[in-house]
Amino acid sequence: MIVGKPKTPTPVFSDEMRYIVINPTWNVPESIVENELEPKTGGKLSKLRARGYKVTYRNGRAIVQQPPGEKNALGRVKFVFPNDLLVYMHDTPQKKLFAQAKRAFSHGCVRVQDPFKLAEEVVGSPDYDEKRLRALIGKKEHRINLAKPIPVHIQYFTAVVDDDGALKLYDDLYGYSAKVREALAL
């Protein structure tokens, strides 16, 4: 999995996954438009059209969308658990990032390495095996509602006990464990 960068951490929360989308459109969050895309284009978001983005304006605000396709930042599959944080799990066209030992590259969403395998498990229907899901790849969005919502818990652990009973420690990427130690005066 790939998680949020230290400056854009993946939040800790729980919700319910309700559906998946094959060939998702990326509705670029306002924060990314303002903090990244506007500076990169010199404030001329219309330049993004040459890169395949759709740019419209509503009430003076830019709405930027990236249509489905092989370069879409969400990849080919999005796992949706509707939340106010605009966080979900999704595929990525940047598969090479999974080879990195440290995987903090996102804006807060969780990128999954084998999205079609996960989609098959999540949908849990013989009508939607991995082969059938991959056959839906194209330019049109396909929403697949789950028969039952699946609880999703985004958690953050820096210490775990493995199957052999040994303690494994991981980097405190977001500084949460340091804050807990400080609060407990440890």
# chains A, B, ... in the order shown; residues from 1 in each chain; ligands from 1
>>> select_by_dssp(residues="stretch 4-155 of chain A", states="helix (DSSP H, G or I)", output="ChimeraX atom specification")
/A:30-40,45-51,95-99,115-123,126-128,130-135
>>> write_last_selection(atoms="C-alpha atoms", output="compact mmCIF listing (two decimals), in the first residue's frame")
# COMPACT_ATOMS: atom_id res chain seq x y z
CA GLU A 30 -9.78 22.00 -4.36
CA SER A 31 -6.63 21.87 -2.20
CA ILE A 32 -4.67 20.13 -4.97
CA VAL A 33 -6.01 22.57 -7.57
CA GLU A 34 -4.98 25.57 -5.46
CA ASN A 35 -1.70 24.30 -3.99
CA GLU A 36 -0.29 22.31 -6.91
CA LEU A 37 -2.05 22.74 -10.24
CA GLU A 38 -2.47 26.53 -10.19
CA PRO A 39 1.22 27.16 -9.36
CA LYS A 40 2.36 24.62 -12.00
CA LEU A 45 -5.65 25.98 -15.44
CA SER A 46 -6.80 25.91 -19.06
CA LYS A 47 -3.30 24.56 -19.83
CA LEU A 48 -4.42 21.32 -18.18
CA ARG A 49 -6.79 20.66 -21.09
CA ALA A 50 -3.79 19.79 -23.26
CA ARG A 51 -3.01 17.03 -20.71
CA LYS A 95 3.17 0.99 -10.16
CA LYS A 96 6.91 1.53 -9.67
CA LEU A 97 6.22 3.20 -6.32
CA PHE A 98 5.34 -0.19 -4.81
CA ALA A 99 9.00 -1.20 -5.17
CA PRO A 115 -6.67 -3.47 -7.21
CA PHE A 116 -8.46 -6.05 -9.37
CA LYS A 117 -7.73 -8.86 -6.90
CA LEU A 118 -9.00 -6.68 -4.07
CA ALA A 119 -12.05 -5.69 -6.15
CA GLU A 120 -12.90 -9.35 -6.74
CA GLU A 121 -12.77 -10.01 -2.99
CA VAL A 122 -14.70 -6.88 -2.07
CA VAL A 123 -17.49 -7.43 -4.60
CA PRO A 126 -19.09 -14.91 -9.13
CA ASP A 127 -20.41 -12.42 -11.72
CA TYR A 128 -17.43 -10.15 -11.00
CA GLU A 130 -10.93 -10.51 -11.68
CA LYS A 131 -11.13 -11.38 -15.39
CA ARG A 132 -14.62 -9.87 -15.75
CA LEU A 133 -13.61 -6.74 -13.81
CA ARG A 134 -10.57 -6.25 -16.06
CA ALA A 135 -12.83 -6.64 -19.11
>>> residues_around(residues="A:Gly138", least_positions_apart="5", cutoff="12 Å", atoms="only C-alpha atoms", output="JSON, numbers by chain")
{"A": [21, 22, 23, 24, 25, 67, 68, 69, 70, 72, 75, 76, 77, 133]}
>>> atom_distance(atom1="atom CA of A:Thr92", atom2="atom CA of A:Lys44")
26.1 Å
>>> residues_around(residues="A:Gln66", least_positions_apart="6", cutoff="9 Å", atoms="only C-alpha atoms", output="PyMOL selection string")
chain A and resi 24-28+52-55+72-73
>>> select_by_dssp(residues="stretch 38-186 of chain A", states="strand (DSSP E)", output="tab-separated table (two decimals) with all heavy atoms, in the first residue's frame")
chain	number	residue	atom	x	y	z
A	54	LYS	N	-10.41	18.07	-17.74
A	54	LYS	CA	-11.57	18.90	-18.04
A	54	LYS	C	-11.58	20.02	-16.99
A	54	LYS	O	-11.52	19.74	-15.79
A	54	LYS	CB	-12.84	18.06	-17.93
A	54	LYS	CG	-14.11	18.81	-18.22
A	54	LYS	CD	-15.33	17.90	-18.08
A	54	LYS	CE	-16.61	18.70	-18.24
A	54	LYS	NZ	-17.79	17.89	-17.95
A	55	VAL	N	-11.62	21.27	-17.46
A	55	VAL	CA	-11.61	22.41	-16.55
A	55	VAL	C	-12.85	23.25	-16.80
A	55	VAL	O	-13.09	23.70	-17.92
A	55	VAL	CB	-10.34	23.28	-16.75
A	55	VAL	CG1	-10.34	24.46	-15.79
A	55	VAL	CG2	-9.07	22.44	-16.57
A	56	THR	N	-13.66	23.42	-15.76
A	56	THR	CA	-14.85	24.26	-15.85
A	56	THR	C	-14.85	25.19	-14.63
A	56	THR	O	-14.05	25.01	-13.70
A	56	THR	CB	-16.15	23.43	-15.87
A	56	THR	OG1	-16.18	22.60	-14.70
A	56	THR	CG2	-16.23	22.55	-17.10
A	57	TYR	N	-15.75	26.15	-14.64
A	57	TYR	CA	-15.83	27.08	-13.52
A	57	TYR	C	-17.27	27.16	-13.04
A	57	TYR	O	-18.19	27.17	-13.84
A	57	TYR	CB	-15.33	28.47	-13.94
A	57	TYR	CG	-13.84	28.47	-14.20
A	57	TYR	CD1	-13.34	28.13	-15.46
A	57	TYR	CD2	-12.94	28.75	-13.18
A	57	TYR	CE1	-11.97	28.10	-15.69
A	57	TYR	CE2	-11.56	28.71	-13.41
A	57	TYR	CZ	-11.10	28.39	-14.66
A	57	TYR	OH	-9.75	28.35	-14.88
A	58	ARG	N	-17.42	27.17	-11.72
A	58	ARG	CA	-18.74	27.30	-11.11
A	58	ARG	C	-18.62	28.30	-9.96
A	58	ARG	O	-17.80	28.10	-9.06
A	58	ARG	CB	-19.21	25.94	-10.58
A	58	ARG	CG	-20.64	25.96	-10.08
A	58	ARG	CD	-21.14	24.60	-9.59
A	58	ARG	NE	-20.98	23.58	-10.63
A	58	ARG	CZ	-20.54	22.35	-10.39
A	58	ARG	NH1	-20.19	21.98	-9.18
A	58	ARG	NH2	-20.44	21.47	-11.37
A	61	ARG	N	-15.19	29.39	-9.09
A	61	ARG	CA	-14.26	28.35	-8.63
A	61	ARG	C	-13.97	27.36	-9.74
A	61	ARG	O	-14.87	26.94	-10.46
A	61	ARG	CB	-14.86	27.59	-7.45
A	61	ARG	CG	-14.97	28.44	-6.21
A	61	ARG	CD	-14.55	27.58	-5.07
A	61	ARG	NE	-13.79	28.40	-4.16
A	61	ARG	CZ	-13.89	28.33	-2.87
A	61	ARG	NH1	-14.69	27.46	-2.35
A	61	ARG	NH2	-13.16	29.09	-2.10
A	62	ALA	N	-12.70	26.99	-9.83
A	62	ALA	CA	-12.30	26.02	-10.84
A	62	ALA	C	-12.70	24.62	-10.42
A	62	ALA	O	-12.49	24.21	-9.28
A	62	ALA	CB	-10.80	26.08	-11.06
A	63	ILE	N	-13.29	23.88	-11.36
A	63	ILE	CA	-13.60	22.46	-11.17
A	63	ILE	C	-12.71	21.72	-12.17
A	63	ILE	O	-12.82	21.93	-13.38
A	63	ILE	CB	-15.09	22.15	-11.49
A	63	ILE	CG1	-16.04	23.09	-10.74
A	63	ILE	CG2	-15.39	20.68	-11.25
A	63	ILE	CD1	-16.01	22.97	-9.25
A	64	VAL	N	-11.82	20.89	-11.64
A	64	VAL	CA	-10.88	20.16	-12.48
A	64	VAL	C	-11.16	18.67	-12.35
A	64	VAL	O	-11.24	18.14	-11.24
A	64	VAL	CB	-9.42	20.48	-12.10
A	64	VAL	CG1	-8.44	19.70	-12.97
A	64	VAL	CG2	-9.14	21.98	-12.18
A	65	GLN	N	-11.31	18.02	-13.49
A	65	GLN	CA	-11.56	16.58	-13.52
A	65	GLN	C	-10.59	15.92	-14.49
A	65	GLN	O	-10.25	16.48	-15.52
A	65	GLN	CB	-12.98	16.29	-13.99
A	65	GLN	CG	-14.06	16.78	-13.05
A	65	GLN	CD	-15.43	16.47	-13.62
A	65	GLN	OE1	-15.73	16.78	-14.76
A	65	GLN	NE2	-16.26	15.83	-12.81
A	66	GLN	N	-10.18	14.72	-14.12
A	66	GLN	CA	-9.36	13.90	-15.02
A	66	GLN	C	-10.23	12.71	-15.41
A	66	GLN	O	-10.61	11.90	-14.57
A	66	GLN	CB	-8.08	13.44	-14.32
A	66	GLN	CG	-7.12	12.73	-15.25
A	66	GLN	CD	-5.86	12.28	-14.52
A	66	GLN	OE1	-5.90	11.93	-13.35
A	66	GLN	NE2	-4.75	12.30	-15.22
A	77	VAL	N	-9.30	1.46	-10.76
A	77	VAL	CA	-10.30	1.03	-9.77
A	77	VAL	C	-10.26	1.99	-8.57
A	77	VAL	O	-9.19	2.31	-8.06
A	77	VAL	CB	-10.04	-0.40	-9.25
A	77	VAL	CG1	-11.15	-0.86	-8.32
A	77	VAL	CG2	-9.85	-1.38	-10.39
A	78	LYS	N	-11.45	2.39	-8.13
A	78	LYS	CA	-11.58	3.22	-6.92
A	78	LYS	C	-12.54	2.50	-5.98
A	78	LYS	O	-13.61	2.06	-6.39
A	78	LYS	CB	-12.12	4.60	-7.29
A	78	LYS	CG	-12.30	5.52	-6.10
A	78	LYS	CD	-12.59	6.95	-6.56
A	78	LYS	CE	-14.04	7.26	-6.56
A	78	LYS	NZ	-14.34	8.70	-6.77
A	79	PHE	N	-12.13	2.37	-4.72
A	79	PHE	CA	-12.92	1.72	-3.68
A	79	PHE	C	-13.50	2.85	-2.82
A	79	PHE	O	-12.75	3.58	-2.17
A	79	PHE	CB	-12.04	0.81	-2.83
A	79	PHE	CG	-11.35	-0.26	-3.64
A	79	PHE	CD1	-10.16	0.00	-4.30
A	79	PHE	CD2	-11.91	-1.52	-3.77
A	79	PHE	CE1	-9.53	-0.98	-5.06
A	79	PHE	CE2	-11.29	-2.51	-4.52
A	79	PHE	CZ	-10.09	-2.24	-5.17
A	80	VAL	N	-14.82	2.97	-2.81
A	80	VAL	CA	-15.44	4.14	-2.21
A	80	VAL	C	-16.13	3.83	-0.89
A	80	VAL	O	-17.01	2.96	-0.81
A	80	VAL	CB	-16.45	4.78	-3.19
A	80	VAL	CG1	-17.02	6.07	-2.61
A	80	VAL	CG2	-15.78	5.06	-4.54
A	89	MET	N	-9.61	4.29	-1.25
A	89	MET	CA	-8.53	3.45	-1.74
A	89	MET	C	-8.66	3.41	-3.25
A	89	MET	O	-9.77	3.44	-3.78
A	89	MET	CB	-8.62	2.04	-1.15
A	89	MET	CG	-8.46	2.04	0.35
A	89	MET	SD	-8.35	0.39	1.12
A	89	MET	CE	-9.71	-0.48	0.46
A	90	HIS	N	-7.53	3.32	-3.93
A	90	HIS	CA	-7.58	3.28	-5.39
A	90	HIS	C	-6.31	2.69	-5.97
A	90	HIS	O	-5.28	2.56	-5.31
A	90	HIS	CB	-7.87	4.67	-5.97
A	90	HIS	CG	-6.81	5.70	-5.69
A	90	HIS	ND1	-5.66	5.81	-6.43
A	90	HIS	CD2	-6.76	6.69	-4.77
A	90	HIS	CE1	-4.93	6.82	-5.98
A	90	HIS	NE2	-5.58	7.37	-4.95
A	104	ALA	N	5.24	6.61	1.20
A	104	ALA	CA	4.41	7.77	1.55
A	104	ALA	C	4.46	8.75	0.38
A	104	ALA	O	5.31	9.64	0.34
A	104	ALA	CB	4.91	8.41	2.83
A	105	PHE	N	3.55	8.58	-0.57
A	105	PHE	CA	3.57	9.39	-1.79
A	105	PHE	C	2.24	10.06	-2.12
A	105	PHE	O	2.15	10.82	-3.06
A	105	PHE	CB	3.97	8.53	-2.99
A	105	PHE	CG	5.33	7.90	-2.89
A	105	PHE	CD1	5.45	6.54	-2.66
A	105	PHE	CD2	6.48	8.66	-3.01
A	105	PHE	CE1	6.70	5.95	-2.57
A	105	PHE	CE2	7.73	8.08	-2.91
A	105	PHE	CZ	7.84	6.72	-2.69
A	106	SER	N	1.18	9.73	-1.38
A	106	SER	CA	-0.15	10.20	-1.78
A	106	SER	C	-0.54	11.50	-1.07
A	106	SER	O	0.18	12.02	-0.23
A	106	SER	CB	-1.20	9.12	-1.53
A	106	SER	OG	-1.63	9.12	-0.19
A	110	VAL	N	-5.28	5.91	0.01
A	110	VAL	CA	-4.48	4.70	0.09
A	110	VAL	C	-4.47	4.05	-1.29
A	110	VAL	O	-5.53	3.70	-1.82
A	110	VAL	CB	-5.05	3.73	1.15
A	110	VAL	CG1	-4.26	2.42	1.17
A	110	VAL	CG2	-5.07	4.39	2.52
A	111	ARG	N	-3.30	3.91	-1.87
A	111	ARG	CA	-3.17	3.26	-3.17
A	111	ARG	C	-2.90	1.77	-2.94
A	111	ARG	O	-2.07	1.41	-2.10
A	111	ARG	CB	-2.02	3.87	-3.97
A	111	ARG	CG	-2.21	5.34	-4.23
A	111	ARG	CD	-1.05	5.89	-5.02
A	111	ARG	NE	-1.00	7.34	-4.96
A	111	ARG	CZ	-0.02	8.07	-5.49
A	111	ARG	NH1	0.98	7.47	-6.12
A	111	ARG	NH2	-0.05	9.37	-5.39
A	142	HIS	N	-17.83	2.48	-14.52
A	142	HIS	CA	-18.72	1.39	-14.16
A	142	HIS	C	-18.78	1.33	-12.64
A	142	HIS	O	-17.78	1.01	-12.00
A	142	HIS	CB	-18.23	0.04	-14.69
A	142	HIS	CG	-18.22	-0.06	-16.17
A	142	HIS	ND1	-19.33	-0.40	-16.90
A	142	HIS	CD2	-17.22	0.14	-17.06
A	142	HIS	CE1	-19.03	-0.40	-18.18
A	142	HIS	NE2	-17.75	-0.07	-18.31
A	143	ARG	N	-19.92	1.65	-12.08
A	143	ARG	CA	-20.11	1.58	-10.63
A	143	ARG	C	-20.69	0.22	-10.28
A	143	ARG	O	-21.67	-0.22	-10.88
A	143	ARG	CB	-21.06	2.69	-10.17
A	143	ARG	CG	-21.36	2.64	-8.69
A	143	ARG	CD	-22.25	3.80	-8.28
A	143	ARG	NE	-22.79	3.60	-6.96
A	143	ARG	CZ	-23.12	4.58	-6.14
A	143	ARG	NH1	-22.96	5.83	-6.51
A	143	ARG	NH2	-23.62	4.30	-4.96
A	144	ILE	N	-20.08	-0.42	-9.28
A	144	ILE	CA	-20.56	-1.71	-8.82
A	144	ILE	C	-20.86	-1.57	-7.33
A	144	ILE	O	-19.94	-1.42	-6.51
A	144	ILE	CB	-19.53	-2.83	-9.07
A	144	ILE	CG1	-19.19	-2.91	-10.56
A	144	ILE	CG2	-20.05	-4.16	-8.53
A	144	ILE	CD1	-18.01	-3.79	-10.89
A	145	ASN	N	-22.14	-1.61	-7.00
A	145	ASN	CA	-22.56	-1.51	-5.60
A	145	ASN	C	-22.28	-2.83	-4.89
A	145	ASN	O	-22.46	-3.90	-5.48
A	145	ASN	CB	-24.05	-1.17	-5.50
A	145	ASN	CG	-24.34	0.22	-5.99
A	145	ASN	OD1	-23.60	1.16	-5.75
A	145	ASN	ND2	-25.44	0.36	-6.71
A	146	LEU	N	-21.84	-2.75	-3.66
A	146	LEU	CA	-21.59	-3.95	-2.88
A	146	LEU	C	-22.92	-4.46	-2.31
A	146	LEU	O	-23.79	-3.66	-1.94
A	146	LEU	CB	-20.62	-3.66	-1.74
A	146	LEU	CG	-19.27	-3.06	-2.16
A	146	LEU	CD1	-18.37	-2.90	-0.94
A	146	LEU	CD2	-18.59	-3.91	-3.22
A	147	ALA	N	-23.07	-5.76	-2.23
A	147	ALA	CA	-24.29	-6.35	-1.68
A	147	ALA	C	-24.50	-5.91	-0.24
A	147	ALA	O	-25.62	-5.65	0.19
A	147	ALA	CB	-24.23	-7.88	-1.78
A	148	LYS	N	-23.39	-5.83	0.51
A	148	LYS	CA	-23.41	-5.36	1.90
A	148	LYS	C	-22.23	-4.43	2.09
A	148	LYS	O	-21.13	-4.74	1.62
A	148	LYS	CB	-23.25	-6.54	2.87
A	148	LYS	CG	-24.53	-7.16	3.33
A	148	LYS	CD	-24.33	-8.35	4.25
A	148	LYS	CE	-23.40	-8.08	5.41
A	148	LYS	NZ	-23.26	-9.25	6.30
A	149	PRO	N	-22.42	-3.30	2.78
A	149	PRO	CA	-21.27	-2.43	3.06
A	149	PRO	C	-20.21	-3.19	3.85
A	149	PRO	O	-20.53	-4.07	4.66
A	149	PRO	CB	-21.86	-1.30	3.89
A	149	PRO	CG	-23.32	-1.32	3.60
A	149	PRO	CD	-23.67	-2.76	3.32
A	150	ILE	N	-18.96	-2.85	3.60
A	150	ILE	CA	-17.83	-3.49	4.28
A	150	ILE	C	-17.18	-2.46	5.21
A	150	ILE	O	-16.81	-1.38	4.75
A	150	ILE	CB	-16.79	-4.01	3.27
A	150	ILE	CG1	-17.42	-5.08	2.39
A	150	ILE	CG2	-15.55	-4.52	3.97
A	150	ILE	CD1	-16.52	-5.53	1.26
A	151	PRO	N	-17.05	-2.79	6.50
A	151	PRO	CA	-16.37	-1.85	7.39
A	151	PRO	C	-14.91	-1.62	6.96
A	151	PRO	O	-14.21	-2.57	6.60
A	151	PRO	CB	-16.41	-2.55	8.76
A	151	PRO	CG	-17.43	-3.63	8.62
A	151	PRO	CD	-17.48	-4.00	7.18
A	152	VAL	N	-14.51	-0.37	6.97
A	152	VAL	CA	-13.14	0.01	6.64
A	152	VAL	C	-12.59	0.77	7.84
A	152	VAL	O	-13.20	1.72	8.31
A	152	VAL	CB	-13.08	0.90	5.38
A	152	VAL	CG1	-11.67	1.40	5.13
A	152	VAL	CG2	-13.61	0.15	4.17
A	153	HIS	N	-11.44	0.34	8.32
A	153	HIS	CA	-10.78	1.00	9.44
A	153	HIS	C	-9.38	1.39	9.00
A	153	HIS	O	-8.53	0.52	8.78
A	153	HIS	CB	-10.71	0.09	10.66
A	153	HIS	CG	-12.04	-0.44	11.08
A	153	HIS	ND1	-12.98	0.35	11.71
A	153	HIS	CD2	-12.60	-1.66	10.93
A	153	HIS	CE1	-14.06	-0.38	11.94
A	153	HIS	NE2	-13.87	-1.60	11.47
A	154	ILE	N	-9.15	2.68	8.83
A	154	ILE	CA	-7.83	3.17	8.48
A	154	ILE	C	-7.12	3.43	9.81
A	154	ILE	O	-7.52	4.32	10.57
A	154	ILE	CB	-7.90	4.46	7.63
A	154	ILE	CG1	-8.80	4.28	6.40
A	154	ILE	CG2	-6.50	4.92	7.26
A	154	ILE	CD1	-8.28	3.34	5.36
A	159	ALA	N	4.06	-0.09	16.12
A	159	ALA	CA	4.56	-1.28	16.82
A	159	ALA	C	3.53	-2.38	16.70
A	159	ALA	O	2.35	-2.16	16.97
A	159	ALA	CB	4.83	-0.96	18.28
A	160	VAL	N	3.97	-3.54	16.23
A	160	VAL	CA	3.09	-4.69	16.13
A	160	VAL	C	3.86	-5.94	16.58
A	160	VAL	O	5.10	-5.97	16.54
A	160	VAL	CB	2.56	-4.92	14.69
A	160	VAL	CG1	1.68	-3.77	14.25
A	160	VAL	CG2	3.68	-5.15	13.71
A	161	VAL	N	3.12	-6.94	17.00
A	161	VAL	CA	3.72	-8.22	17.36
A	161	VAL	C	3.46	-9.17	16.20
A	161	VAL	O	2.32	-9.34	15.78
A	161	VAL	CB	3.11	-8.76	18.68
A	161	VAL	CG1	3.67	-10.14	18.99
A	161	VAL	CG2	3.38	-7.79	19.81
A	167	LEU	N	8.33	-8.32	18.69
A	167	LEU	CA	7.89	-6.94	18.51
A	167	LEU	C	8.58	-6.35	17.28
A	167	LEU	O	9.80	-6.43	17.13
A	167	LEU	CB	8.24	-6.10	19.74
A	167	LEU	CG	7.87	-4.62	19.67
A	167	LEU	CD1	6.36	-4.45	19.58
A	167	LEU	CD2	8.45	-3.88	20.87
A	168	LYS	N	7.80	-5.78	16.39
A	168	LYS	CA	8.33	-5.10	15.20
A	168	LYS	C	8.01	-3.63	15.33
A	168	LYS	O	6.85	-3.26	15.59
A	168	LYS	CB	7.70	-5.65	13.93
A	168	LYS	CG	8.10	-7.06	13.60
A	168	LYS	CD	8.49	-7.10	12.15
A	168	LYS	CE	8.98	-8.49	11.83
A	168	LYS	NZ	10.20	-8.46	11.10
A	169	LEU	N	9.00	-2.78	15.13
A	169	LEU	CA	8.81	-1.34	15.21
A	169	LEU	C	8.95	-0.74	13.82
A	169	LEU	O	9.83	-1.13	13.05
A	169	LEU	CB	9.84	-0.71	16.15
A	169	LEU	CG	9.78	-1.19	17.59
A	169	LEU	CD1	10.92	-0.58	18.40
A	169	LEU	CD2	8.45	-0.85	18.22
>>> closest_residue(among="A:Ser125, A:Thr10, A:Thr158, A:Thr41", to="A:Leu85", atoms="only C-alpha atoms")
A:Thr10
>>> atom_distance(atom1="atom CA of A:Asp171", atom2="atom CA of A:Tyr156")
10.8 Å
>>> closest_residue(among="A:Gly124, A:Pro93, A:Pro9, A:Gly4", to="A:Tyr176", atoms="only C-alpha atoms")
A:Pro9
>>> atom_distance(atom1="atom CA of A:Asp129", atom2="atom CA of A:Met17")
18.4 Å
>>> decode(residues="stretch 1-57 of chain A", atoms="C-alpha atoms", output="PDB file, in the first residue's frame")
ATOM      1  CA  MET A   1       0.000   0.000   0.000  1.00  0.00           C
ATOM      2  CA  ILE A   2       0.971   3.592  -0.546  1.00  0.00           C
ATOM      3  CA  VAL A   3      -0.140   6.165   2.007  1.00  0.00           C
ATOM      4  CA  GLY A   4      -0.100   9.921   2.467  1.00  0.00           C
ATOM      5  CA  LYS A   5       3.056  11.997   2.566  1.00  0.00           C
ATOM      6  CA  PRO A   6       3.991  13.491   5.960  1.00  0.00           C
ATOM      7  CA  LYS A   7       2.545  16.839   4.807  1.00  0.00           C
ATOM      8  CA  THR A   8      -0.670  15.147   3.577  1.00  0.00           C
ATOM      9  CA  PRO A   9      -1.141  12.226   5.988  1.00  0.00           C
ATOM     10  CA  THR A  10      -3.639   9.469   5.543  1.00  0.00           C
ATOM     11  CA  PRO A  11      -6.200  10.165   8.277  1.00  0.00           C
ATOM     12  CA  VAL A  12      -7.184   7.634  10.915  1.00  0.00           C
ATOM     13  CA  PHE A  13     -10.920   6.888  10.743  1.00  0.00           C
ATOM     14  CA  SER A  14     -13.565   4.234  10.186  1.00  0.00           C
ATOM     15  CA  ASP A  15     -16.316   4.080   7.596  1.00  0.00           C
ATOM     16  CA  GLU A  16     -18.107   1.609   5.313  1.00  0.00           C
ATOM     17  CA  MET A  17     -17.153   0.764   1.753  1.00  0.00           C
ATOM     18  CA  ARG A  18     -20.331   0.868  -0.324  1.00  0.00           C
ATOM     19  CA  TYR A  19     -19.208   0.530  -3.951  1.00  0.00           C
ATOM     20  CA  ILE A  20     -16.303   0.411  -6.358  1.00  0.00           C
ATOM     21  CA  VAL A  21     -15.802   2.251  -9.624  1.00  0.00           C
ATOM     22  CA  ILE A  22     -13.977   0.788 -12.588  1.00  0.00           C
ATOM     23  CA  ASN A  23     -12.505   3.568 -14.793  1.00  0.00           C
ATOM     24  CA  PRO A  24     -13.056   6.347 -12.249  1.00  0.00           C
ATOM     25  CA  THR A  25     -13.083  10.046 -13.060  1.00  0.00           C
ATOM     26  CA  TRP A  26     -10.809  11.964 -10.707  1.00  0.00           C
ATOM     27  CA  ASN A  27     -12.520  15.034  -9.309  1.00  0.00           C
ATOM     28  CA  VAL A  28      -9.377  16.888  -8.278  1.00  0.00           C
ATOM     29  CA  PRO A  29      -9.761  18.222  -4.715  1.00  0.00           C
ATOM     30  CA  GLU A  30      -9.776  21.997  -4.364  1.00  0.00           C
ATOM     31  CA  SER A  31      -6.634  21.868  -2.195  1.00  0.00           C
ATOM     32  CA  ILE A  32      -4.670  20.126  -4.971  1.00  0.00           C
ATOM     33  CA  VAL A  33      -6.010  22.566  -7.575  1.00  0.00           C
ATOM     34  CA  GLU A  34      -4.981  25.572  -5.460  1.00  0.00           C
ATOM     35  CA  ASN A  35      -1.704  24.305  -3.992  1.00  0.00           C
ATOM     36  CA  GLU A  36      -0.294  22.312  -6.907  1.00  0.00           C
ATOM     37  CA  LEU A  37      -2.048  22.741 -10.239  1.00  0.00           C
ATOM     38  CA  GLU A  38      -2.474  26.526 -10.191  1.00  0.00           C
ATOM     39  CA  PRO A  39       1.218  27.159  -9.362  1.00  0.00           C
ATOM     40  CA  LYS A  40       2.361  24.619 -12.000  1.00  0.00           C
ATOM     41  CA  THR A  41       0.259  26.317 -14.684  1.00  0.00           C
ATOM     42  CA  GLY A  42       1.010  29.882 -13.639  1.00  0.00           C
ATOM     43  CA  GLY A  43      -2.637  30.243 -12.644  1.00  0.00           C
ATOM     44  CA  LYS A  44      -3.817  29.212 -16.115  1.00  0.00           C
ATOM     45  CA  LEU A  45      -5.648  25.981 -15.436  1.00  0.00           C
ATOM     46  CA  SER A  46      -6.801  25.913 -19.061  1.00  0.00           C
ATOM     47  CA  LYS A  47      -3.300  24.565 -19.828  1.00  0.00           C
ATOM     48  CA  LEU A  48      -4.423  21.318 -18.185  1.00  0.00           C
ATOM     49  CA  ARG A  49      -6.792  20.661 -21.087  1.00  0.00           C
ATOM     50  CA  ALA A  50      -3.789  19.786 -23.261  1.00  0.00           C
ATOM     51  CA  ARG A  51      -3.011  17.034 -20.710  1.00  0.00           C
ATOM     52  CA  GLY A  52      -6.537  15.611 -20.930  1.00  0.00           C
ATOM     53  CA  TYR A  53      -8.126  17.323 -17.932  1.00  0.00           C
ATOM     54  CA  LYS A  54     -11.571  18.895 -18.039  1.00  0.00           C
ATOM     55  CA  VAL A  55     -11.605  22.411 -16.548  1.00  0.00           C
ATOM     56  CA  THR A  56     -14.848  24.261 -15.847  1.00  0.00           C
ATOM     57  CA  TYR A  57     -15.833  27.084 -13.522  1.00  0.00           C
TER      58      TYR A  57
END
